Structures are given as C-alpha cells and as structure tokens.
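Asks: For reference, the structure I am asking about is given below.
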Number of protein chains: 2
Amino acid sequence: MTDLLAQLPGYALRRAANTVMGELGDILAEHGFRITEAAVLLLVRDRADLTSSQIGRTLDIQRANMVPLLNRLESAGWVRREPLDGKSMAIVPTAAGDAKIAQLGTLIEQFETELLDRIPAEHRDHLLPALNAIWR
Amino acid sequence: MTDLLAQLPGYALRRAANTVMGELGDILAEHGFRITEAAVLLLVRDRADLTSSQIGRTLDIQRANMVPLLNRLESAGWVRREPLDGKSMAIVPTAAGDAKIAQLGTLIEQFETELLDRIPAEHRDHLLPALNAIWR
DNA sequence: CGAATAATGCTATTGACCATAGCAATCTGT
DNA sequence: ACAGATTGCTATGGTCAATAGCATTATTCG
C-alpha cells in the first residue's frame, strides 16, 4: 500500500525529513525558536563577524528572507546588528543570546542522539555520509 | 563553517530533502504536476477503489487539503471522482490519467536511480532502511 | 582618480503548503 | 433505530520560500 512509495528513496527522504522536522519544530517552539532561527543561532555562536549575507549563503536562505528572520532574533534580544562598514551588518549574539544559544546547543545535541538511536545499528553510521553526499 | 551544522544528522536530513525535493519539483513541474500530486497519482495507479480519505491517511494529508489537490487533478482530466456510496468517493484515473501516470512512473524511476547514484557505494544500500526506520 | 560593476540590506508581493475549526450528509455498530 | 463515527467540504490563517525591484555602498579596472 504505502510500501510502494516507501521503496522510493526520494519519498522516504521526504517523509523522514517531514516527521523529524515536525518533531524538532515542536521541541524548539517550546523554547521560543523556529528551526531556521536555530540554524542561524548555532552558526553565529562564538562568532562576531558573520554578516547577514554570509549567513544566508551558508544556510541557503535568500537575502530577502533573512530580514524578517533577523528582525525576530533581534527583537527577541538574542542578536544585534552591528555595522561593519557603511553597507554590511555583523550579526552578533547578545549576552542573553549566548545563554539562549547554549540552551539550544544541549537541546539539539539531545535531539540528534535520539534521532540516531532510532536507526538500526548496522545502518546508523551510514546515514550522515549518505545524506551529505546528496546535497553538499 | 557549515561543517559544524553538516555534522548534525537532522540538519543534513533537512538539507538533503530540500535539495532533492527542489530538483524533483523542477522536473515534475515541466510535466505539469507537483510533488504531492505525483504521490497521489502513483498511489491510485492500477487502482479504482481508493477514497480521498484513504489516500489522505496513507500520505498523511489532511482531508481538508485533499480537496483542492483532487480538484486540480480532476480539472486536469487525470482523475475522476466516482461515488462509492452516498458518502465516499473513489478516486479513479481516467484514460488520460493512465497515460500521464505511466509517464510519471518512468520519470520517477529515473530520478530515483540518479539519486542513488550520488551516494558512495558503501553507503547506498543503507539509506532507505535508515530513512524508513525514522518515520514508519 | 573615476566610472562601471558588484554586493548588501531592504520592501513588497506572491504562491505553495499545512493546520484548525466547523458543517451537513451519510454510514456503522449495538 | 439511534448514537457516534466518518466523509467530503468550506473558510481561514500562518509559515515558508521565491521573485522583482530599489537605494546605498564597495570594489574593480581602465
């Protein structure tokens, strides 16, 4: 029934990502962030020199869509925009941001190990390299 | 840089799914369907007894969202709604739908093999079972 | 130096997608 | 036969990504 589709790697990839991101979204929402915001926060952890454009490029987020994202992070008080020159803005975590990012770090760490625990041992170590081969 | 995030299975899963679905979406769009529609069409291939609710349950699409989806498929002439009783509707492919679904089948088949080709041989066979362990 | 080109941050808008609430009609189980 | 579940649907809202366009500033190169 579903087996027909579940044999397609592409379909399985879509379904797996959807369920995992749904779960992660719920967890993160309890702590006030969204998934994309979490990625940005982890990226600027311990950095004070990343610009909006740079972040967008490494996460594949368009410049236009970075704006409301950073607005939210800034108005939450976790990040501030600091002019690097007349054009570029460095995105730097505030003190509150550092604390929040530390909390986020342990949250993600726990989530990732629980994710790996679901996978049969003989397949576990192959998932990350296989996935990274697909998109990197 | 990105390496930090690329070591997280969850992040890799999200990125891999996004790029793959982006590519698939482009391919399917050239032939007139969207990804979710394709899943429905593959599901009703060679069947004439699946109801909207049943399809929605196996694909995890809400009843409310099945309506516009099936409207599109119906107005494209690929599928028709046939009353099973006074309440349930069977979703059955038309003749044109059968042809379109056959075309879709070869498209998907090619796409899936090309997807697997990207993965190093030693990891390839582990992807599907690992993914299915996550969501099924 | 100065002019052309590129890059940055932003606004505004759009479309796809998913979720919720509610409703009338019909079916099912006891 | 009646209570409760199911089906298909309307209406609506929120999230997310994509496009086009714009003013300002950096950079590159003759």
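To be explicit about the labels: the chains of the structure tokens are called A, B, and onward in the order shown, and within each one the residues are counted from 1, while ligands get numbers from 1 in the order they are shown.
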Set the distance at 10 Å and use only C-alpha atoms (C1' of nucleotides): which residues neighbour Thr51 of chain B once local chain neighbours fewer than 5 positions away are removed? I'd like the list as an mmCIF file with C-alpha atoms (C1' of nucleotides), in the first residue's frame.

Replies:
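Writing the result to part06.cif gives the following:
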data_model
loop_
_atom_site.group_PDB
_atom_site.id
_atom_site.type_symbol
_atom_site.label_atom_id
_atom_site.label_comp_id
_atom_site.auth_asym_id
_atom_site.auth_seq_id
_atom_site.Cartn_x
_atom_site.Cartn_y
_atom_site.Cartn_z
ATOM 1 C CA VAL B 44 -4.007 5.328 -7.465
ATOM 2 C CA GLY B 56 -5.017 11.185 2.731
ATOM 3 C CA ARG B 57 -4.373 8.738 5.531
ATOM 4 C CA ARG B 81 -14.427 11.213 -8.512
ATOM 5 C CA GLU B 82 -16.777 8.263 -8.585
ATOM 6 C CA PRO B 83 -19.296 7.793 -5.791
ATOM 7 C CA LEU B 84 -18.800 4.515 -3.938
ATOM 8 C CA SER B 88 -17.389 8.153 -0.128
ATOM 9 C CA MET B 89 -15.741 8.994 -3.402
ATOM 10 C CA ALA B 90 -13.408 6.653 -5.239
ATOM 11 C CA ILE B 91 -10.552 8.425 -6.959
ATOM 12 C CA VAL B 92 -10.027 6.667 -10.258
ATOM 13 C "C1'" DT D 7 -16.646 11.528 4.812
#

Asks: Report the closest atom pair, with its distance in Å rounded to one decimal, for each residue of chain A that has an atom no farther than 8 Å from chain D; count only C-alpha atoms (C1' of nucleotides), sort by chain and then rising residue number, and write it as a Markdown table.

Replies:
| residue | atom | partner | partner_atom | distance |
| --- | --- | --- | --- | --- |
| A:Asn65 | CA | D:DA17 | C1' | 7.8 |
| A:Gly86 | CA | D:DT25 | C1' | 6.2 |
| A:Lys87 | CA | D:DT25 | C1' | 5.5 |

Asks: I need the chosen residues saved as a PDB file, in the first residue's frame, with N, CA and C atoms.

Replies:
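Result file is selection.pdb:
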ATOM      1  N   ASN A  65      14.769  36.977   2.650  1.00  0.00           N
ATOM      2  CA  ASN A  65      14.132  36.233   3.726  1.00  0.00           C
ATOM      3  C   ASN A  65      14.930  36.283   5.020  1.00  0.00           C
ATOM      4  N   GLY A  86      29.815  50.781   5.943  1.00  0.00           N
ATOM      5  CA  GLY A  86      28.589  51.502   5.640  1.00  0.00           C
ATOM      6  C   GLY A  86      27.500  50.622   5.036  1.00  0.00           C
ATOM      7  N   LYS A  87      27.838  49.383   4.740  1.00  0.00           N
ATOM      8  CA  LYS A  87      26.903  48.543   3.992  1.00  0.00           C
ATOM      9  C   LYS A  87      26.579  47.240   4.724  1.00  0.00           C
TER      10      LYS A  87
END

Asks: Please return as a PyMOL selection string: the residues of chain A that backbone DSSP assigns to strand (DSSP E).

Replies: chain A and resi 79-83+89-93

Asks: Kindly save the residues from that selection, with C-alpha atoms included, as a tab-separated table (two decimals), in the first residue's frame.

Replies:
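Output contents, as saved in selection_14.tsv:
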chain	number	residue	atom	x	y	z
A	79	VAL	CA	21.21	39.12	18.49
A	80	ARG	CA	22.08	42.61	17.41
A	81	ARG	CA	23.05	44.11	14.09
A	82	GLU	CA	26.37	45.88	14.22
A	83	PRO	CA	27.59	47.86	11.21
A	89	MET	CA	25.95	44.27	9.14
A	90	ALA	CA	27.60	41.83	11.52
A	91	ILE	CA	25.14	39.63	13.35
A	92	VAL	CA	26.44	39.23	16.86
A	93	PRO	CA	24.82	37.38	19.76

Asks: Within 7 Å of chain B, which residues belong to chain A? Use only C-alpha atoms and report them as a list in words.

Replies: Thr2, Leu8, Pro9, Gly10, Ala12, Leu13, Arg14, Arg15, Ala16, Ala17, Thr19, Thr58, Glu112, Arg118, Ile119, His123, Arg124, His126, Leu127, Leu128, Ala130, Leu131, Asn132, Ala133, Ile134 and Trp135 of chain A

Asks: If we count only C-alpha atoms (C1' of nucleotides), which residues of chain C reach to within 12 Å of chain B? Please list them as JSON, numbers by chain.

Replies: {"C": [16, 17, 18, 19, 20, 21, 22, 24, 25, 26, 27]}

Asks: Kindly export the residues of the current selection with N, CA and C atoms (P, O5', C5', C4', C3', O3' and C1' of nucleotides), as a PDB file, in the first residue's frame.

Replies:
ATOM      1  P    DA C  16       0.879  27.978  -6.666  1.00  0.00           P
ATOM      2  O5'  DA C  16       1.569  26.933  -5.674  1.00  0.00           O
ATOM      3  C5'  DA C  16       2.982  26.773  -5.715  1.00  0.00           C
ATOM      4  C4'  DA C  16       3.463  26.176  -4.419  1.00  0.00           C
ATOM      5  C3'  DA C  16       2.622  24.970  -3.964  1.00  0.00           C
ATOM      6  O3'  DA C  16       3.500  23.907  -3.644  1.00  0.00           O
ATOM      7  C1'  DA C  16       2.781  26.582  -2.223  1.00  0.00           C
ATOM      8  P    DC C  17       2.918  22.454  -3.310  1.00  0.00           P
ATOM      9  O5'  DC C  17       2.779  22.484  -1.723  1.00  0.00           O
ATOM     10  C5'  DC C  17       3.898  22.900  -0.940  1.00  0.00           C
ATOM     11  C4'  DC C  17       3.458  23.055   0.498  1.00  0.00           C
ATOM     12  C3'  DC C  17       2.480  21.962   0.959  1.00  0.00           C
ATOM     13  O3'  DC C  17       3.150  21.162   1.912  1.00  0.00           O
ATOM     14  C1'  DC C  17       1.860  24.126   1.736  1.00  0.00           C
ATOM     15  P    DC C  18       2.437  19.791   2.493  1.00  0.00           P
ATOM     16  O5'  DC C  18       1.856  20.289   3.897  1.00  0.00           O
ATOM     17  C5'  DC C  18       2.746  20.908   4.818  1.00  0.00           C
ATOM     18  C4'  DC C  18       1.952  21.522   5.948  1.00  0.00           C
ATOM     19  C3'  DC C  18       0.932  20.584   6.594  1.00  0.00           C
ATOM     20  O3'  DC C  18       1.247  20.480   7.976  1.00  0.00           O
ATOM     21  C1'  DC C  18      -0.024  22.705   6.118  1.00  0.00           C
ATOM     22  P    DA C  19       0.437  19.473   8.937  1.00  0.00           P
ATOM     23  O5'  DA C  19      -0.549  20.442   9.733  1.00  0.00           O
ATOM     24  C5'  DA C  19      -0.010  21.582  10.367  1.00  0.00           C
ATOM     25  C4'  DA C  19      -1.131  22.383  11.005  1.00  0.00           C
ATOM     26  C3'  DA C  19      -2.252  21.518  11.593  1.00  0.00           C
ATOM     27  O3'  DA C  19      -2.394  21.791  12.978  1.00  0.00           O
ATOM     28  C1'  DA C  19      -3.128  23.222  10.147  1.00  0.00           C
ATOM     29  P    DT C  20      -3.512  21.048  13.862  1.00  0.00           P
ATOM     30  O5'  DT C  20      -4.744  22.055  13.966  1.00  0.00           O
ATOM     31  C5'  DT C  20      -4.493  23.446  14.010  1.00  0.00           C
ATOM     32  C4'  DT C  20      -5.801  24.215  14.089  1.00  0.00           C
ATOM     33  C3'  DT C  20      -6.943  23.438  14.737  1.00  0.00           C
ATOM     34  O3'  DT C  20      -7.568  24.263  15.702  1.00  0.00           O
ATOM     35  C1'  DT C  20      -7.592  24.224  12.566  1.00  0.00           C
ATOM     36  P    DA C  21      -8.734  23.634  16.682  1.00  0.00           P
ATOM     37  O5'  DA C  21     -10.057  24.232  16.033  1.00  0.00           O
ATOM     38  C5'  DA C  21     -10.028  25.557  15.507  1.00  0.00           C
ATOM     39  C4'  DA C  21     -11.386  25.883  14.915  1.00  0.00           C
ATOM     40  C3'  DA C  21     -12.538  25.068  15.507  1.00  0.00           C
ATOM     41  O3'  DA C  21     -13.635  25.935  15.738  1.00  0.00           O
ATOM     42  C1'  DA C  21     -12.465  24.764  13.162  1.00  0.00           C
ATOM     43  P    DG C  22     -14.984  25.371  16.478  1.00  0.00           P
ATOM     44  O5'  DG C  22     -16.022  25.241  15.280  1.00  0.00           O
ATOM     45  C5'  DG C  22     -16.074  26.267  14.300  1.00  0.00           C
ATOM     46  C4'  DG C  22     -16.845  25.759  13.095  1.00  0.00           C
ATOM     47  C3'  DG C  22     -18.066  24.897  13.443  1.00  0.00           C
ATOM     48  O3'  DG C  22     -19.206  25.440  12.806  1.00  0.00           O
ATOM     49  C1'  DG C  22     -16.765  23.871  11.777  1.00  0.00           C
ATOM     50  P    DA C  24     -25.007  22.606   9.405  1.00  0.00           P
ATOM     51  O5'  DA C  24     -25.480  21.757   8.148  1.00  0.00           O
ATOM     52  C5'  DA C  24     -25.039  22.145   6.860  1.00  0.00           C
ATOM     53  C4'  DA C  24     -24.974  20.925   5.957  1.00  0.00           C
ATOM     54  C3'  DA C  24     -26.147  19.951   6.146  1.00  0.00           C
ATOM     55  O3'  DA C  24     -26.550  19.492   4.867  1.00  0.00           O
ATOM     56  C1'  DA C  24     -24.104  18.818   6.532  1.00  0.00           C
ATOM     57  P    DA C  25     -27.849  18.592   4.712  1.00  0.00           P
ATOM     58  O5'  DA C  25     -27.255  17.155   4.354  1.00  0.00           O
ATOM     59  C5'  DA C  25     -26.374  17.046   3.249  1.00  0.00           C
ATOM     60  C4'  DA C  25     -25.666  15.716   3.329  1.00  0.00           C
ATOM     61  C3'  DA C  25     -26.598  14.517   3.509  1.00  0.00           C
ATOM     62  O3'  DA C  25     -26.472  13.677   2.374  1.00  0.00           O
ATOM     63  C1'  DA C  25     -24.729  14.406   4.988  1.00  0.00           C
ATOM     64  P    DT C  26     -27.372  12.364   2.294  1.00  0.00           P
ATOM     65  O5'  DT C  26     -26.411  11.242   2.913  1.00  0.00           O
ATOM     66  C5'  DT C  26     -25.139  11.039   2.315  1.00  0.00           C
ATOM     67  C4'  DT C  26     -24.348  10.074   3.168  1.00  0.00           C
ATOM     68  C3'  DT C  26     -25.009   8.710   3.373  1.00  0.00           C
ATOM     69  O3'  DT C  26     -24.129   7.730   2.876  1.00  0.00           O
ATOM     70  C1'  DT C  26     -24.127   9.553   5.395  1.00  0.00           C
ATOM     71  P    DC C  27     -24.656   6.228   2.641  1.00  0.00           P
ATOM     72  O5'  DC C  27     -23.830   5.414   3.733  1.00  0.00           O
ATOM     73  C5'  DC C  27     -22.409   5.572   3.782  1.00  0.00           C
ATOM     74  C4'  DC C  27     -21.906   5.135   5.142  1.00  0.00           C
ATOM     75  C3'  DC C  27     -22.301   3.718   5.547  1.00  0.00           C
ATOM     76  O3'  DC C  27     -21.107   2.973   5.751  1.00  0.00           O
ATOM     77  C1'  DC C  27     -22.623   5.260   7.329  1.00  0.00           C
TER      78       DC C  27
END

Asks: Using DSSP on the backbone, list every residue of chain B that comes out as helix (DSSP H, G or I), and give them as a compact mmCIF listing (two decimals) with N, CA and C atoms, in the first residue's frame.

Replies:
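out05.txt, freshly written:
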# COMPACT_ATOMS: atom_id res chain seq x y z
N ASP B 3 30.42 23.09 8.19
CA ASP B 3 30.77 21.78 8.70
C ASP B 3 30.17 21.54 10.06
N LEU B 4 30.11 22.61 10.83
CA LEU B 4 29.52 22.50 12.15
C LEU B 4 28.11 21.93 12.06
N LEU B 5 27.32 22.48 11.18
CA LEU B 5 25.94 22.02 11.06
C LEU B 5 25.84 20.71 10.28
N ALA B 6 26.75 20.53 9.32
CA ALA B 6 26.66 19.35 8.47
C ALA B 6 26.99 18.07 9.23
N PRO B 9 22.97 15.05 11.97
CA PRO B 9 22.13 14.25 11.07
C PRO B 9 20.82 14.95 10.74
N GLY B 10 20.25 15.62 11.72
CA GLY B 10 18.98 16.30 11.47
C GLY B 10 19.12 17.40 10.45
N TYR B 11 20.19 18.18 10.58
CA TYR B 11 20.40 19.25 9.62
C TYR B 11 20.69 18.68 8.23
N ALA B 12 21.52 17.66 8.18
CA ALA B 12 21.83 17.03 6.89
C ALA B 12 20.56 16.47 6.25
N LEU B 13 19.70 15.91 7.09
CA LEU B 13 18.44 15.36 6.58
C LEU B 13 17.59 16.45 5.95
N ARG B 14 17.53 17.59 6.63
CA ARG B 14 16.73 18.70 6.12
C ARG B 14 17.30 19.23 4.82
N ARG B 15 18.61 19.45 4.79
CA ARG B 15 19.22 19.98 3.57
C ARG B 15 19.09 19.01 2.41
N ALA B 16 19.34 17.73 2.68
CA ALA B 16 19.24 16.74 1.61
C ALA B 16 17.82 16.69 1.06
N ALA B 17 16.86 16.67 1.95
CA ALA B 17 15.47 16.61 1.48
C ALA B 17 15.12 17.86 0.69
N ASN B 18 15.57 19.01 1.15
CA ASN B 18 15.25 20.26 0.45
C ASN B 18 15.83 20.27 -0.96
N THR B 19 17.10 19.91 -1.09
CA THR B 19 17.69 19.96 -2.44
C THR B 19 17.04 18.92 -3.34
N VAL B 20 16.86 17.71 -2.81
CA VAL B 20 16.27 16.67 -3.65
C VAL B 20 14.86 17.04 -4.08
N MET B 21 14.08 17.56 -3.14
CA MET B 21 12.70 17.91 -3.48
C MET B 21 12.65 19.11 -4.41
N GLY B 22 13.63 19.99 -4.26
CA GLY B 22 13.70 21.10 -5.20
C GLY B 22 13.94 20.61 -6.62
N GLU B 23 14.89 19.71 -6.75
CA GLU B 23 15.18 19.16 -8.07
C GLU B 23 13.99 18.40 -8.64
N LEU B 24 13.41 17.57 -7.79
CA LEU B 24 12.25 16.79 -8.25
C LEU B 24 11.10 17.71 -8.64
N GLY B 25 10.90 18.74 -7.84
CA GLY B 25 9.84 19.69 -8.14
C GLY B 25 10.03 20.32 -9.51
N ASP B 26 11.27 20.69 -9.83
CA ASP B 26 11.53 21.28 -11.14
C ASP B 26 11.21 20.30 -12.27
N ILE B 27 11.68 19.07 -12.08
CA ILE B 27 11.43 18.06 -13.12
C ILE B 27 9.93 17.84 -13.32
N LEU B 28 9.24 17.65 -12.21
CA LEU B 28 7.81 17.36 -12.32
C LEU B 28 7.04 18.56 -12.88
N ALA B 29 7.50 19.75 -12.52
CA ALA B 29 6.79 20.94 -12.99
C ALA B 29 6.81 21.02 -14.52
N ILE B 35 4.78 17.71 -6.55
CA ILE B 35 5.24 16.52 -5.87
C ILE B 35 4.10 15.77 -5.18
N THR B 36 3.29 16.50 -4.45
CA THR B 36 2.22 15.84 -3.71
C THR B 36 1.22 15.18 -4.66
N GLU B 37 0.96 15.86 -5.76
CA GLU B 37 0.07 15.27 -6.75
C GLU B 37 0.66 14.00 -7.32
N ALA B 38 1.95 14.01 -7.54
CA ALA B 38 2.61 12.82 -8.07
C ALA B 38 2.45 11.65 -7.12
N ALA B 39 2.58 11.92 -5.84
CA ALA B 39 2.42 10.84 -4.85
C ALA B 39 1.02 10.26 -4.94
N VAL B 40 0.03 11.13 -5.06
CA VAL B 40 -1.36 10.65 -5.18
C VAL B 40 -1.53 9.82 -6.44
N LEU B 41 -0.99 10.31 -7.53
CA LEU B 41 -1.16 9.60 -8.80
C LEU B 41 -0.51 8.22 -8.76
N LEU B 42 0.69 8.16 -8.18
CA LEU B 42 1.35 6.85 -8.09
C LEU B 42 0.55 5.90 -7.21
N LEU B 43 -0.13 6.48 -6.25
CA LEU B 43 -0.89 5.64 -5.32
C LEU B 43 -2.14 5.06 -5.98
N VAL B 44 -2.76 5.81 -6.85
CA VAL B 44 -4.01 5.33 -7.47
C VAL B 44 -3.74 4.60 -8.78
N SER B 52 -10.77 9.33 -1.15
CA SER B 52 -9.99 10.50 -0.78
C SER B 52 -9.44 10.37 0.63
N SER B 53 -10.25 9.90 1.54
CA SER B 53 -9.80 9.76 2.93
C SER B 53 -8.68 8.75 3.04
N GLN B 54 -8.81 7.64 2.34
CA GLN B 54 -7.78 6.62 2.42
C GLN B 54 -6.45 7.15 1.90
N ILE B 55 -6.50 7.83 0.77
CA ILE B 55 -5.29 8.41 0.22
C ILE B 55 -4.66 9.38 1.21
N GLY B 56 -5.51 10.22 1.76
CA GLY B 56 -5.02 11.19 2.73
C GLY B 56 -4.37 10.51 3.93
N ARG B 57 -4.94 9.41 4.37
CA ARG B 57 -4.37 8.74 5.53
C ARG B 57 -3.01 8.14 5.22
N THR B 58 -2.88 7.50 4.07
CA THR B 58 -1.58 6.86 3.79
C THR B 58 -0.51 7.90 3.45
N LEU B 59 -0.89 9.03 2.91
CA LEU B 59 0.11 10.05 2.58
C LEU B 59 0.22 11.12 3.66
N ARG B 63 -7.76 15.78 5.31
CA ARG B 63 -8.93 15.75 4.43
C ARG B 63 -9.16 17.10 3.78
N ALA B 64 -9.04 18.14 4.57
CA ALA B 64 -9.31 19.48 4.04
C ALA B 64 -8.37 19.83 2.90
N ASN B 65 -7.15 19.35 2.99
CA ASN B 65 -6.17 19.69 1.97
C ASN B 65 -6.23 18.77 0.75
N MET B 66 -6.94 17.65 0.90
CA MET B 66 -7.12 16.78 -0.24
C MET B 66 -8.04 17.43 -1.27
N VAL B 67 -8.91 18.27 -0.83
CA VAL B 67 -9.94 18.81 -1.73
C VAL B 67 -9.34 19.61 -2.88
N PRO B 68 -8.58 20.67 -2.61
CA PRO B 68 -8.02 21.41 -3.75
C PRO B 68 -7.05 20.57 -4.57
N LEU B 69 -6.35 19.65 -3.90
CA LEU B 69 -5.42 18.77 -4.60
C LEU B 69 -6.17 17.93 -5.64
N LEU B 70 -7.24 17.29 -5.20
CA LEU B 70 -8.01 16.46 -6.13
C LEU B 70 -8.73 17.32 -7.16
N ASN B 71 -9.12 18.52 -6.77
CA ASN B 71 -9.74 19.42 -7.75
C ASN B 71 -8.79 19.65 -8.92
N ARG B 72 -7.54 19.90 -8.59
CA ARG B 72 -6.55 20.12 -9.66
C ARG B 72 -6.39 18.90 -10.55
N LEU B 73 -6.25 17.75 -9.92
CA LEU B 73 -6.07 16.51 -10.68
C LEU B 73 -7.30 16.24 -11.55
N GLU B 74 -8.46 16.56 -11.01
CA GLU B 74 -9.69 16.30 -11.76
C GLU B 74 -9.83 17.27 -12.93
N SER B 75 -9.53 18.54 -12.68
CA SER B 75 -9.71 19.51 -13.76
C SER B 75 -8.59 19.39 -14.79
N ALA B 95 -8.46 7.66 -18.61
CA ALA B 95 -7.56 7.12 -19.64
C ALA B 95 -6.36 8.04 -19.79
N ALA B 96 -6.64 9.33 -19.90
CA ALA B 96 -5.54 10.30 -19.97
C ALA B 96 -4.68 10.22 -18.73
N GLY B 97 -5.32 9.97 -17.58
CA GLY B 97 -4.58 9.84 -16.34
C GLY B 97 -3.63 8.65 -16.38
N ASP B 98 -4.11 7.53 -16.91
CA ASP B 98 -3.25 6.36 -17.01
C ASP B 98 -2.00 6.67 -17.81
N ALA B 99 -2.17 7.34 -18.92
CA ALA B 99 -1.01 7.69 -19.76
C ALA B 99 -0.06 8.60 -18.98
N LYS B 100 -0.64 9.59 -18.33
CA LYS B 100 0.18 10.54 -17.57
C LYS B 100 0.91 9.84 -16.43
N ILE B 101 0.24 8.90 -15.79
CA ILE B 101 0.85 8.20 -14.68
C ILE B 101 1.99 7.30 -15.15
N ALA B 102 1.81 6.71 -16.33
CA ALA B 102 2.88 5.89 -16.89
C ALA B 102 4.12 6.75 -17.14
N GLN B 103 3.89 7.92 -17.72
CA GLN B 103 4.97 8.87 -17.95
C GLN B 103 5.62 9.26 -16.63
N LEU B 104 4.79 9.52 -15.65
CA LEU B 104 5.30 9.87 -14.32
C LEU B 104 6.13 8.73 -13.74
N GLY B 105 5.69 7.51 -13.96
CA GLY B 105 6.42 6.36 -13.43
C GLY B 105 7.85 6.30 -13.92
N THR B 106 8.03 6.46 -15.23
CA THR B 106 9.40 6.40 -15.76
C THR B 106 10.22 7.59 -15.28
N LEU B 107 9.56 8.72 -15.16
CA LEU B 107 10.24 9.91 -14.65
C LEU B 107 10.79 9.67 -13.25
N ILE B 108 9.94 9.14 -12.40
CA ILE B 108 10.32 8.89 -11.01
C ILE B 108 11.41 7.83 -10.93
N GLU B 109 11.24 6.80 -11.73
CA GLU B 109 12.22 5.71 -11.72
C GLU B 109 13.61 6.22 -12.06
N GLN B 110 13.67 7.04 -13.08
CA GLN B 110 14.95 7.61 -13.48
C GLN B 110 15.50 8.52 -12.38
N PHE B 111 14.62 9.31 -11.82
CA PHE B 111 15.05 10.22 -10.77
C PHE B 111 15.61 9.47 -9.58
N GLU B 112 14.98 8.41 -9.20
CA GLU B 112 15.40 7.67 -8.01
C GLU B 112 16.76 6.98 -8.23
N THR B 113 16.96 6.44 -9.41
CA THR B 113 18.26 5.81 -9.65
C THR B 113 19.37 6.85 -9.70
N GLU B 114 19.06 8.02 -10.27
CA GLU B 114 20.08 9.07 -10.29
C GLU B 114 20.37 9.57 -8.89
N LEU B 115 19.36 9.53 -8.05
CA LEU B 115 19.57 9.93 -6.66
C LEU B 115 20.52 8.95 -5.97
N LEU B 116 20.27 7.68 -6.16
CA LEU B 116 21.12 6.67 -5.52
C LEU B 116 22.55 6.72 -6.06
N ASP B 117 22.66 7.10 -7.32
CA ASP B 117 23.99 7.16 -7.93
C ASP B 117 24.89 8.19 -7.25
N ALA B 121 29.06 4.03 -2.91
CA ALA B 121 28.54 2.67 -2.94
C ALA B 121 28.43 2.05 -1.55
N GLU B 122 29.39 2.34 -0.71
CA GLU B 122 29.38 1.67 0.60
C GLU B 122 28.24 2.14 1.49
N HIS B 123 27.66 3.29 1.16
CA HIS B 123 26.56 3.80 1.99
C HIS B 123 25.19 3.57 1.34
N ARG B 124 25.21 3.29 0.06
CA ARG B 124 24.00 3.36 -0.74
C ARG B 124 22.85 2.52 -0.20
N ASP B 125 23.15 1.27 0.10
CA ASP B 125 22.07 0.36 0.50
C ASP B 125 21.53 0.62 1.89
N HIS B 126 22.22 1.50 2.62
CA HIS B 126 21.78 1.76 3.99
C HIS B 126 20.78 2.91 4.08
N LEU B 127 20.72 3.70 3.00
CA LEU B 127 19.91 4.91 3.10
C LEU B 127 18.43 4.61 3.31
N LEU B 128 17.88 3.78 2.45
CA LEU B 128 16.44 3.52 2.52
C LEU B 128 16.03 2.92 3.86
N PRO B 129 16.69 1.86 4.33
CA PRO B 129 16.29 1.33 5.64
C PRO B 129 16.47 2.33 6.77
N ALA B 130 17.52 3.12 6.70
CA ALA B 130 17.73 4.12 7.76
C ALA B 130 16.60 5.14 7.75
N LEU B 131 16.26 5.64 6.57
CA LEU B 131 15.18 6.63 6.49
C LEU B 131 13.85 6.05 6.93
N ASN B 132 13.58 4.84 6.49
CA ASN B 132 12.30 4.25 6.85
C ASN B 132 12.21 3.95 8.34
N ALA B 133 13.36 3.69 8.95
CA ALA B 133 13.35 3.48 10.41
C ALA B 133 12.96 4.76 11.13
N ILE B 134 13.20 5.88 10.51
CA ILE B 134 12.94 7.15 11.17
C ILE B 134 11.46 7.48 11.23
N TRP B 135 10.76 7.22 10.17
CA TRP B 135 9.38 7.74 10.12
C TRP B 135 8.28 6.68 10.10

Asks: What does the distance from atom CA of Asp46 of chain B to atom CA of His31 of chain B come to in Å, to one decimal?

Replies: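 Rounded to one decimal, the two atoms are 20.5 Å apart.
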